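Novice: Sending over a structure as C-alpha cells; questions will come in a sec.
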Amino acid sequence: MDGHGGRERQLFELGRLVKAGLTQPLGLMRPGGVGRILAVRSGEGDVERGLLEMGFVEGACVEVLHHGFLGRDPLAVRINQAMTVALRRGEANAVLVGPLLNRATDVEPTTDQESRPS
Amino acid sequence: MTAGTLAAEGFRPARIALVGPPNSGKTTLFNTLTGGRQKTANYPGVTVERKSGLLKTPGGHPVEVLDLPGSYSLRARSPDEAITRDVVLGRQARETLPDALVCVTDATNLGQHLRLLLELRQLGRPLILVLNMMDIAQKRGCQISTEALSRQLGIPVVTTVAMRKHGVRDLLGQIDALLNQAPAGDGVTAISDWVEPSPDAIRAHHREVERLLQEAVVREGAPEHLTRQLDRVLLHPVAGPLILLALLFLMFQAVFSWAEAPMDWIDGGMAGLQQWLSAHMEESLLKSLLVDGIVAGVGGVVIFLPQILILFLFILLLEDSGYMTRAAFLMDRLMSAVGLNGRAFIPLLSSFACAVPGIMAARTIAHPLDRLVTILIAPLMTCSARLPVYVLLIAAFVPATTVWGGIGLQGLVMFGLYATGIVGALAVAGVLRLTLLRGDRQPLLMELPSYKWPNPANVLLGLWERAKIFMRRIGTIILSVLVILWFLSTFPAAPEGATEPAIYYSFAGLIGRTLEPLLAPIGFNWQIAIALVPGLAAREVAVAALGTVYALSGDEGAVTEALTTTLAQSWTLATALSLLAWYVFAPQCLATLAAVRRETNSWRWAAFMFVYLMTLAYLAAFVTYRVALALGGG
C-alpha cells in the first residue's frame, strides 16, 4: 500500500478479495502459507499497536513458518523476509491476510532458496 | 579515567544514551565502546540495571555512555522499556536528560528498526543513527547509501561492525562533531510534549520507513537462510521439544559433573583455612565466631559458585545465540495452560541456579500480572542451595540400589524432588491466575532473532556480573546473618554439667524448642527445629546447623559423612521424607524475599510469598509424614 491509491480504492480492493474468499485471518494459516496483510484490527488498542510495532502492518508480506507442538500454537511468522515473530493464534486473528499480488516485492510462495527479486 | 578526575578538571562529561531495539547489537557496541570501564548500578526503586561507562573521544570530550534497555518503541510495554522511555524523555528520577542519543539498528532489519529512530527523531534531541552489523548486510549483498539516509533524515549516519570495533572511530568522530556544535548541557531538562503514538501514527511511521528505504537502499540483500534451516529442526513440532529436553538434560548434567572439581577445591581451601585458624588462634569467642560462624558459613555458600556459574554459562550461551526465544516459543503453549507466558521460561530456568537472578530476569516480561506470577513461583524451582540438604538426606535414607533395570534409586528420588517443585510451581501459577491474580491472557509478541555465534566478550562479562552479584550477596546478607546466627547459637553458654549439646541451651535452641510442638505433627524433632532456625535465612546453612546440633565436629566433608550415619540411625524414614517435602516448598532464603520486595516494590508480595510457601511446605510435609507413617515408614 503506497498511500497514494486512496483509502476508498483500498477498501474496494479489500471488499473484492473478501467476497472472492481470498482472505483469511493469520491465525488460520498453516506453516508454508504466505500472503499480504490487508488489515490489522483488534478490539483492544494495545494489541493492535503491539502488532503494528512488531511489523504486522498493512502491505507487509507474511509467511507462516512454524507452529507449536501443542494445539498448533503459537505461530512463528516471517515478515517481509526480514524478521521472524512468534505470536499466539488469538492475536494472529487480528491480522487479515490476502493473496500476494504480483508486485515486485512479493515473496515466492514455495521455496526459500531464491533471493528477493529487485 | 574516573568521574572524580573529570570533575576535578571542571568538566561535566557529556551524556550519550544508546537506544535501540532488542537484537540490534547495542550491548555489544556498548562493550566495544567502553571496554572494561563499565559501571553497573540499579535505577532507584527497580532493579533494572543501569549500565554506563566513561570514555574520552578523539576530540578530547569526556563522555558518559549509557546503555538503555532494548526497546521496540517508546510506548513502553515492560518495566525495562519504561526505563528507556523515561531516560530518553528526561523523566527518570536522578537521571538528567541525555545530551545526545545514539540509535543503534540492525542493518539487516532496517525495515523494522528505523521506526524507533523516527520516534526518537520526533523528540528533537541531537541524534546519531548507527547501522550496526553492516558486515552481515554486505555479505548478503545489501548496499545502503548512508549519504542518502543521512540527507533524508537530517542526522549523521554511521555504519559499524560492533564485534570488530569497526566504525567505532567514525561514531566517536560524529559524537565529537555533535558535542562541538552543542556543548554538554544545552538547558533542556525534559521533554514534556511527548505522547504515545496512536495506531495510525505507527502506520505512518511504517510508510515513512518504506519511503526512506526506497531512497537509501541501493541493492537489497538476500534473506538469511541458515536461521530458517536451523529452525526447521529446532522448532519442528516433534524434534524441537526433544532437542530442548536433551539440551536441558545436558545442562544439568554439566552443572553437576563439571562443578565437582572446583567445588572440591573450594571445600579443601575452606577446610584448610579452618584448620589454620584453629591451629594459630587462641581459644576465644573471636575464634569461635571466625571458625564456626564465618568461615564454615561462607564456605558452605561459596561452594555453589561453580554450579551457578556453569548454569549461567549455559543460559548466557543459549541467550546470546538466539536459542532462548525458541525455547520460550516451544514452551509457550504449555505455560499458557497455567496462565503464564512463554517468556517466563527464561527466568524460571535461571531459578534452578538461584531464585534471585531468576526473579530479576522476570523484568523482561511485559505484563505486570504475568511478571508477578513468575516472580512468585520462581522460588519453587530447585535452586542449588537445596542440594546439600537433598544430598545428605538421600544418602542417609535412600538405598543406593537400582530399579527398573539400571536406574539409580537415589537419582530417581532427586529427580522426583525437582519434578515436585516444577509441578508445584505450575499448580500455584494456575491457582493464582484463577484467584488473586486474575486477568486477561496476555499476548505473546516475541521476536525470534537470527541465530549467531555467541560473543565471548558478552558472555564473559555476563558471567562476571553474576559472580559479582553472588559474592556481594555473600558479603552482605549472608555474612551478617551468619554473625547473628552464630550469636544466637552460642549464647547463652551451656550450664555446668549439661547433658545436651551446647546449642540446646542457646537462644537458637530456645527458639527451636518453642517451635517443636508446632513441628511435631509433621515429624520434626527438636534437633530439626533448631537447625531450621538458621536454615530460615539461607537453606544451605541447615546442614552445618544439624552438624552442630548433633555435636559433630571437623571439616565440612567429615561432618556430612558422620551426619549421614547419625541421621540414618536416629531419624525415621517418615521424618526424612517429611523434611525433604518441606524443603521443596519452604521459603528459606532472605535474599529471595529481599529480591521480591525490590522487584515488586512492596513488602506485601514478599510477605504473601513467605506465607503461601510456608503453608505449602507445612501441608506437604504433613501429608508426606502421615502417608509415610501409614505405609510403615515409622
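Please note that chains go A, B, ... in the order of the C-alpha cells, that every chain numbers its residues from 1, and that ligands are numbered from 1 in the order shown.
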Any idea what's packed within 12 Å of Val18 of chain A, counting only C-alpha atoms, ignoring anything in its chain fewer than 3 positions away? Could you give it as a count of residues only?
Specialist: 16
Novice: Could you tell me which residues of chain A sit within 10 Å of chain B when counting only C-alpha atoms, and give me the result as a PyMOL selection string?
Specialist: chain A and resi 1-3+40-41+45-60+65-92+112-118
Novice: Could you tell me how far atom CA of Ala494 of chain B lies from atom CA of Val481 of chain B, in Å and to one decimal?
Specialist: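 Result for atom CA of Ala494 of chain B versus atom CA of Val481 of chain B: 22.3 Å, one decimal.
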Novice: Excluding segment 354-362 of chain B and its own-chain neighbours fewer than 5 positions away, which residues fall within 7 Å of it when counting only C-alpha atoms? Please give them as number ranges by chain.
Specialist: B: 47, 344, 347-348, 371, 374-375, 378-379, 383-384, 591-592, 595
Novice: Just how far from atom CA of Thr615 of chain B is atom CA of Ile478 of chain B, in Å to one decimal?
Specialist: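 The value is 24.8 Å.
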Novice: Using only C-alpha atoms, which of B:Gln569, B:Gln92, B:Leu245, B:Val301 sits nearest Ile266 of chain B?
Specialist: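 Among the listed residues, the smallest separation from Ile266 of chain B belongs to B:Val301.
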Novice: Among segment 20-113 of chain A, which ones does DSSP assign to strand (DSSP E or B) (computed from the backbone)? Answer as an NGL selection string.
Specialist: :A and (24-25 or 34-40 or 61-70 or 73-79 or 83-87 or 95-98)
Novice: Now that the selection is made, can you save its residues with C-alpha atoms as a PDB file, in the first residue's frame?
Specialist:
```pdb
ATOM      1  CA  GLN A  24      -8.210 -15.284   5.930  1.00  0.00           C
ATOM      2  CA  PRO A  25      -7.067 -14.395   9.423  1.00  0.00           C
ATOM      3  CA  VAL A  34       2.131 -16.824   2.513  1.00  0.00           C
ATOM      4  CA  GLY A  35       0.167 -13.664   1.922  1.00  0.00           C
ATOM      5  CA  ARG A  36      -0.026  -9.930   2.211  1.00  0.00           C
ATOM      6  CA  ILE A  37      -1.531  -8.162   5.190  1.00  0.00           C
ATOM      7  CA  LEU A  38      -4.765  -6.388   4.265  1.00  0.00           C
ATOM      8  CA  ALA A  39      -5.823  -5.110   7.653  1.00  0.00           C
ATOM      9  CA  VAL A  40      -4.756  -5.094  11.287  1.00  0.00           C
ATOM     10  CA  CYS A  61       4.264  -9.835   3.317  1.00  0.00           C
ATOM     11  CA  VAL A  62       3.910 -12.637   5.816  1.00  0.00           C
ATOM     12  CA  GLU A  63       4.902 -16.270   5.721  1.00  0.00           C
ATOM     13  CA  VAL A  64       3.905 -18.732   8.419  1.00  0.00           C
ATOM     14  CA  LEU A  65       6.989 -20.800   9.229  1.00  0.00           C
ATOM     15  CA  HIS A  66       6.151 -22.964  12.222  1.00  0.00           C
ATOM     16  CA  HIS A  67       3.630 -23.660  14.881  1.00  0.00           C
ATOM     17  CA  GLY A  68       3.964 -25.005  18.391  1.00  0.00           C
ATOM     18  CA  PHE A  69       3.669 -28.719  19.131  1.00  0.00           C
ATOM     19  CA  LEU A  70       0.560 -28.418  21.296  1.00  0.00           C
ATOM     20  CA  ASP A  73       0.030 -22.633  18.999  1.00  0.00           C
ATOM     21  CA  PRO A  74       1.922 -20.242  18.928  1.00  0.00           C
ATOM     22  CA  LEU A  75       2.872 -19.333  15.354  1.00  0.00           C
ATOM     23  CA  ALA A  76       6.228 -18.219  14.012  1.00  0.00           C
ATOM     24  CA  VAL A  77       5.680 -15.716  11.220  1.00  0.00           C
ATOM     25  CA  ARG A  78       8.272 -14.169   8.970  1.00  0.00           C
ATOM     26  CA  ILE A  79       7.550 -10.575   7.999  1.00  0.00           C
ATOM     27  CA  MET A  83      12.146 -10.560  10.863  1.00  0.00           C
ATOM     28  CA  THR A  84      10.502 -13.577  12.484  1.00  0.00           C
ATOM     29  CA  VAL A  85       7.947 -13.003  15.213  1.00  0.00           C
ATOM     30  CA  ALA A  86       6.219 -15.509  17.486  1.00  0.00           C
ATOM     31  CA  LEU A  87       2.618 -14.811  18.387  1.00  0.00           C
ATOM     32  CA  VAL A  95      -4.387  -9.737  11.213  1.00  0.00           C
ATOM     33  CA  LEU A  96      -6.321 -10.235   7.957  1.00  0.00           C
ATOM     34  CA  VAL A  97      -4.234 -11.704   5.167  1.00  0.00           C
ATOM     35  CA  GLY A  98      -4.959 -11.750   1.445  1.00  0.00           C
TER      36      GLY A  98
END
```
Novice: Please provide as JSON, numbers by chain all residues within 8 Å of segment 537-547 of chain B, with the sequence filter that same-chain residues fewer than 6 positions apart are discarded (counting only C-alpha atoms).
Specialist: {"B": [296, 297, 300, 301, 385, 386, 387, 388, 389, 478, 481, 527, 528, 530, 531, 553, 556, 559, 560, 563, 588, 589, 590, 591]}
Novice: Could you please determine the separation between atom CA of Phe256 of chain B and atom CA of Ile377 of chain B in Å, to one decimal place?
Specialist: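 Atom-to-atom, atom CA of Phe256 of chain B to atom CA of Ile377 of chain B, that is 23.7 Å.
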